[in-house]
Amino acid sequence: MLPPAIAADDQTLAAAAERVMSRCDRLACCSEEAGAVTRRYLSHPMQEVHHTVGDWMRSAGLRVRVDAAGNLIGRRPGPEGSRVLLLGSHLDSVPNAGRYDGVLGVLAALAVAELLGAAPLPFHLDVIGFSEEEGVRYALPYLGSRAVCGGFDPAWLERCDPSGVSMRQAIEAFGLAPDKIPEAAYQPDEVIGFVEPHLEQGPVLERAGLPVGVVSGIAGQTRMRLRFLGHAQHAGTTPMHGRRDALLGAARMICETQRIGAGADGLRATVGFLRVAPNATNVIPGEVELSLDVRHPEDALRRRAVDTLLELGAEIARELSLGFSVIDHVVQEACRVDPRLTSMLHDACLARGYDAPMLPSGAGHDAAPLSERFPVAMLFLRHPGGVSHHPDERVDVPDVQVALGVLLQFIHLLAESESQ
Ligand code: GLV
Ligand code: MN
Ligand code: MN
């Protein structure tokens, strides 16, 4: 049994879950595109999200700040000198996203802070909304969480988005000071850990008929930008034989990516972005930039797949008389979750009546970079239909209610453990 100060009855939890859902609906309106959810790093609608969520946080009695990387943080203070539990997820989205990826975890964390009311805890609780997880604007994921774990590379500030705005300019335009990003880092000895509630983004819990699961690990990923260089020429006058068509090279590369990705259990390989120049109907494509996203729970297998794909790219380029190069790449190794926090999360599920399965995550999460510096654990919520990075993303209110009960129970177990 929870002590009365931390307990919440079913009716209170149900009302809190309804509030989380209506807040997700409200934030879905903060978008770069009417009628769709698109919210990239430091975009205008992210300002609106910060105002709105910041107001909710302040009403819950949290001390609100935005760090120099654009992370929104609301602190529920504990005793002076105590450590901090980070709870939350990210506030950015992919283009034409659903309304729950990331946002659900932030709003669930805020709901937990609200449910806790004035209950004394032996630690600070920081509800955190990371500014950038998806990597859409600068082709670099986890910018917010990398700043929080001290892994933000200042060279990234000079990168430009597709419209030529550097990250430094974007941060300044958002009203923040890029040179203060190192101050966003938490020190390992001040952090108990990071717990991230998130939609499963897959079918496992739905098939098992269970509302929640506990994450056993997160697949590592390599993201690259590649370039094929050919020769732009007249589409009507240049014979088919001997053309140097960069898009033909990219097309073959996409086919190889599918073939290699399908060739090993658990491997995922995707080309999701193309930039074609000059991108005109009557000109042979002279240059193509394409993305490559390769993931697997085993880092060695992922690395081998990436090496194979790069060799294939070079071979395609030789056959078609093209140039081929890697513009840049970023790696996130597979994430190990913390055994103590993870089994505490599992115990919290059991105490609420759910024998939650342990399941791996193929999707990336802020917990992955954070795991390099702090203990992390993740709670997955059942995802009806399992479709994510798409407007059809769904979550059911009763499952949010279960998750809130589990998170509250987890806080209780952690408070007990930290008081010993
Ligand atoms: C983020 O959702 C990712 O898995 O890339
Ligand atoms: Mn996502
Ligand atoms: Mn996410």
# chains A, B, ... in the order shown; residues from 1 in each chain; ligands from 1
call {"tool": "residues_near_ligand", "arguments": {"ligand": "ligand 3", "cutoff": "12 Å", "atoms": "only C-alpha atoms and all ligand atoms", "output": "PyMOL selection string"}}
result
chain A and resi 88-94+97-106+129-135+141-142+196-201+361-368+378+380+388-389+393
call {"tool": "select_by_dssp", "arguments": {"residues": "region 115-320 of chain A", "states": "alpha helix (DSSP H)", "output": "ChimeraX atom specification"}}
result
/A:115-116,143-148,167-173,204-208,246-261,299-319
call {"tool": "residues_around", "arguments": {"residues": "Ala109 (chain A)", "least_positions_apart": "5", "cutoff": "12 Å", "atoms": "only C-alpha atoms", "output": "ChimeraX atom specification"}}
result
/A:16-17,20,53,56-57,60,62,73-76,85-90,102-104,114-116,125-129,194-198,379,400,403-408,411
call {"tool": "closest_residue", "arguments": {"among": "A:Leu292, A:Leu247, A:Leu176, A:Ala68", "to": "Ala147 (chain A)", "atoms": "only C-alpha atoms"}}
result
A:Ala68
call {"tool": "closest_residue", "arguments": {"among": "A:Ala305, A:Leu107, A:Val331, A:Val136", "to": "ligand 2", "atoms": "only C-alpha atoms and all ligand atoms"}}
result
A:Val136
call {"tool": "select_by_dssp", "arguments": {"residues": "region 182-344 of chain A", "states": "strand (DSSP E)", "output": "ChimeraX atom specification"}}
result
/A:191-199,212-218,220-229,268-270,274-277,287-296,323-332,335-336
call {"tool": "residues_around", "arguments": {"residues": "region 117-124 of chain A", "least_positions_apart": "4", "cutoff": "6 Å", "atoms": "only C-alpha atoms", "output": "short mmCIF file (atom, residue, chain, number, x, y, z; two decimals) with N, CA, C and O atoms, in the first residue's frame"}}
result
data_model
loop_
_atom_site.label_atom_id
_atom_site.label_comp_id
_atom_site.auth_asym_id
_atom_site.auth_seq_id
_atom_site.Cartn_x
_atom_site.Cartn_y
_atom_site.Cartn_z
N ALA A 5 -0.08 9.92 1.53
CA ALA A 5 0.44 11.13 0.88
C ALA A 5 0.75 10.90 -0.60
O ALA A 5 0.69 11.83 -1.39
N ARG A 76 10.26 20.08 -9.12
CA ARG A 76 9.54 19.94 -7.85
C ARG A 76 10.62 19.74 -6.81
O ARG A 76 11.25 18.67 -6.73
N PRO A 77 10.92 20.78 -6.02
CA PRO A 77 12.12 20.70 -5.17
C PRO A 77 11.97 19.69 -4.05
O PRO A 77 10.90 19.54 -3.47
N GLY A 78 13.08 19.02 -3.79
CA GLY A 78 13.17 18.15 -2.62
C GLY A 78 14.06 18.84 -1.59
O GLY A 78 14.32 20.04 -1.69
N SER A 82 19.74 17.36 -2.00
CA SER A 82 19.35 16.00 -2.42
C SER A 82 19.59 15.83 -3.92
O SER A 82 19.79 16.79 -4.66
N ARG A 83 19.53 14.56 -4.34
CA ARG A 83 19.73 14.26 -5.77
C ARG A 83 18.40 14.46 -6.52
O ARG A 83 17.38 14.77 -5.93
N VAL A 84 18.47 14.26 -7.84
CA VAL A 84 17.28 14.55 -8.66
C VAL A 84 16.90 13.33 -9.50
O VAL A 84 17.77 12.64 -10.03
#
call {"tool": "residues_around", "arguments": {"residues": "region 205-215 of chain A", "least_positions_apart": "3", "cutoff": "6 Å", "atoms": "only C-alpha atoms", "output": "short mmCIF file (atom, residue, chain, number, x, y, z; two decimals) with all heavy atoms, in the first residue's frame"}}
result
data_model
loop_
_atom_site.label_atom_id
_atom_site.label_comp_id
_atom_site.auth_asym_id
_atom_site.auth_seq_id
_atom_site.Cartn_x
_atom_site.Cartn_y
_atom_site.Cartn_z
N ALA A 356 4.25 -6.90 -16.04
CA ALA A 356 4.63 -6.23 -17.30
C ALA A 356 5.77 -6.99 -17.97
O ALA A 356 6.77 -7.30 -17.32
CB ALA A 356 5.06 -4.80 -17.01
N PRO A 357 5.63 -7.28 -19.27
CA PRO A 357 6.74 -7.94 -19.97
C PRO A 357 7.93 -7.00 -20.16
O PRO A 357 7.76 -5.78 -20.22
CB PRO A 357 6.13 -8.31 -21.33
CG PRO A 357 5.01 -7.34 -21.52
CD PRO A 357 4.51 -6.95 -20.15
N MET A 358 9.11 -7.60 -20.26
CA MET A 358 10.31 -6.82 -20.61
C MET A 358 10.38 -6.85 -22.14
O MET A 358 10.27 -7.91 -22.75
CB MET A 358 11.57 -7.50 -20.05
CG MET A 358 11.60 -7.62 -18.54
SD MET A 358 11.70 -6.03 -17.73
CE MET A 358 13.24 -5.38 -18.37
N LEU A 359 10.57 -5.71 -22.76
CA LEU A 359 10.65 -5.72 -24.22
C LEU A 359 11.67 -4.70 -24.73
O LEU A 359 11.85 -3.65 -24.12
CB LEU A 359 9.27 -5.51 -24.87
CG LEU A 359 8.54 -4.20 -24.76
CD1 LEU A 359 7.34 -4.20 -25.70
CD2 LEU A 359 8.02 -3.99 -23.37
N PRO A 360 12.36 -5.07 -25.83
CA PRO A 360 13.37 -4.16 -26.37
C PRO A 360 12.71 -3.05 -27.18
O PRO A 360 11.60 -3.21 -27.66
CB PRO A 360 14.19 -5.07 -27.29
CG PRO A 360 13.24 -6.13 -27.72
CD PRO A 360 12.25 -6.32 -26.60
N MET A 378 12.81 2.72 -18.74
CA MET A 378 11.69 3.19 -19.57
C MET A 378 10.45 2.35 -19.35
O MET A 378 10.52 1.12 -19.26
CB MET A 378 12.06 3.10 -21.05
CG MET A 378 12.97 4.19 -21.55
SD MET A 378 13.03 4.21 -23.35
CE MET A 378 11.46 4.99 -23.77
N LEU A 379 9.32 3.04 -19.33
CA LEU A 379 8.02 2.38 -19.26
C LEU A 379 7.32 2.55 -20.60
O LEU A 379 7.18 3.69 -21.08
CB LEU A 379 7.17 3.02 -18.15
CG LEU A 379 5.79 2.39 -17.93
CD1 LEU A 379 5.92 1.02 -17.28
CD2 LEU A 379 4.90 3.31 -17.09
N PHE A 380 6.91 1.45 -21.21
CA PHE A 380 6.17 1.53 -22.47
C PHE A 380 4.67 1.42 -22.22
O PHE A 380 4.24 0.62 -21.38
CB PHE A 380 6.59 0.39 -23.41
CG PHE A 380 7.71 0.74 -24.35
CD1 PHE A 380 8.26 -0.24 -25.18
CD2 PHE A 380 8.21 2.04 -24.46
CE1 PHE A 380 9.29 0.06 -26.06
CE2 PHE A 380 9.23 2.35 -25.35
CZ PHE A 380 9.77 1.36 -26.15
N LEU A 381 3.90 2.19 -22.97
CA LEU A 381 2.44 2.07 -22.93
C LEU A 381 1.98 1.35 -24.19
O LEU A 381 2.54 1.58 -25.28
CB LEU A 381 1.78 3.46 -22.90
CG LEU A 381 1.74 4.17 -21.56
CD1 LEU A 381 3.10 4.75 -21.21
CD2 LEU A 381 0.69 5.28 -21.58
N ARG A 382 0.94 0.54 -24.02
CA ARG A 382 0.36 -0.16 -25.18
C ARG A 382 0.01 0.85 -26.28
O ARG A 382 -0.47 1.95 -26.00
CB ARG A 382 -0.90 -0.90 -24.73
CG ARG A 382 -1.74 -1.45 -25.85
CD ARG A 382 -2.75 -2.47 -25.38
NE ARG A 382 -3.50 -2.05 -24.20
CZ ARG A 382 -4.21 -2.87 -23.44
NH1 ARG A 382 -4.27 -4.16 -23.73
NH2 ARG A 382 -4.86 -2.43 -22.39
N ASP A 399 -5.13 3.05 -20.45
CA ASP A 399 -3.71 2.66 -20.37
C ASP A 399 -2.87 3.80 -19.79
O ASP A 399 -1.89 3.57 -19.07
CB ASP A 399 -3.18 2.28 -21.76
CG ASP A 399 -3.82 0.99 -22.27
OD1 ASP A 399 -4.52 0.32 -21.48
OD2 ASP A 399 -3.64 0.66 -23.46
#
call {"tool": "residues_around", "arguments": {"residues": "Val288 (chain A)", "least_positions_apart": "6", "cutoff": "12 Å", "atoms": "only C-alpha atoms", "output": "ChimeraX atom specification"}}
result
/A:225-232,244-251,253,273-279,322-327
call {"tool": "write_last_selection", "arguments": {"atoms": "C-alpha atoms", "output": "PDB file, in the first residue's frame"}}
result
ATOM      1  CA  ARG A 225      24.245  11.640 -44.846  1.00  0.00           C
ATOM      2  CA  LEU A 226      25.627  10.304 -48.130  1.00  0.00           C
ATOM      3  CA  ARG A 227      26.233  11.987 -51.449  1.00  0.00           C
ATOM      4  CA  PHE A 228      26.278  10.728 -55.034  1.00  0.00           C
ATOM      5  CA  LEU A 229      27.859  13.184 -57.445  1.00  0.00           C
ATOM      6  CA  GLY A 230      27.182  12.950 -61.193  1.00  0.00           C
ATOM      7  CA  HIS A 231      26.819  15.444 -63.999  1.00  0.00           C
ATOM      8  CA  ALA A 232      23.708  17.552 -64.583  1.00  0.00           C
ATOM      9  CA  ARG A 244      26.197  10.237 -64.960  1.00  0.00           C
ATOM     10  CA  ASP A 245      22.865  10.263 -63.150  1.00  0.00           C
ATOM     11  CA  ALA A 246      23.300  10.726 -59.401  1.00  0.00           C
ATOM     12  CA  LEU A 247      19.699   9.803 -58.681  1.00  0.00           C
ATOM     13  CA  LEU A 248      20.171   6.464 -60.414  1.00  0.00           C
ATOM     14  CA  GLY A 249      23.003   5.795 -57.965  1.00  0.00           C
ATOM     15  CA  ALA A 250      20.773   6.767 -55.042  1.00  0.00           C
ATOM     16  CA  ALA A 251      17.947   4.584 -56.344  1.00  0.00           C
ATOM     17  CA  MET A 253      21.505   2.400 -53.012  1.00  0.00           C
ATOM     18  CA  PHE A 273      15.489  11.632 -46.912  1.00  0.00           C
ATOM     19  CA  LEU A 274      16.591  12.656 -50.421  1.00  0.00           C
ATOM     20  CA  ARG A 275      17.752  15.995 -51.735  1.00  0.00           C
ATOM     21  CA  VAL A 276      18.081  16.081 -55.490  1.00  0.00           C
ATOM     22  CA  ALA A 277      19.871  18.841 -57.391  1.00  0.00           C
ATOM     23  CA  PRO A 278      18.920  20.564 -59.525  1.00  0.00           C
ATOM     24  CA  ASN A 279      15.587  18.735 -59.032  1.00  0.00           C
ATOM     25  CA  LEU A 322      29.696   8.796 -60.008  1.00  0.00           C
ATOM     26  CA  GLY A 323      31.386  10.256 -56.973  1.00  0.00           C
ATOM     27  CA  PHE A 324      30.306   8.799 -53.636  1.00  0.00           C
ATOM     28  CA  SER A 325      31.040  10.197 -50.178  1.00  0.00           C
ATOM     29  CA  VAL A 326      29.896  10.221 -46.579  1.00  0.00           C
ATOM     30  CA  ILE A 327      28.967  13.809 -45.676  1.00  0.00           C
TER      31      ILE A 327
END
call {"tool": "atom_distance", "arguments": {"atom1": "CA of Leu413 (chain A)", "atom2": "CA of Ala14 (chain A)"}}
result
21.7 Å
call {"tool": "closest_residue", "arguments": {"among": "A:Leu309, A:Leu140, A:Cys335, A:Ile171", "to": "Trp156 (chain A)", "atoms": "only C-alpha atoms"}}
result
A:Leu140
call {"tool": "residues_around", "arguments": {"residues": "region 179-187 of chain A", "least_positions_apart": "6", "cutoff": "7 Å", "atoms": "only C-alpha atoms", "output": "ChimeraX atom specification"}}
result
/A:67-69,147-150
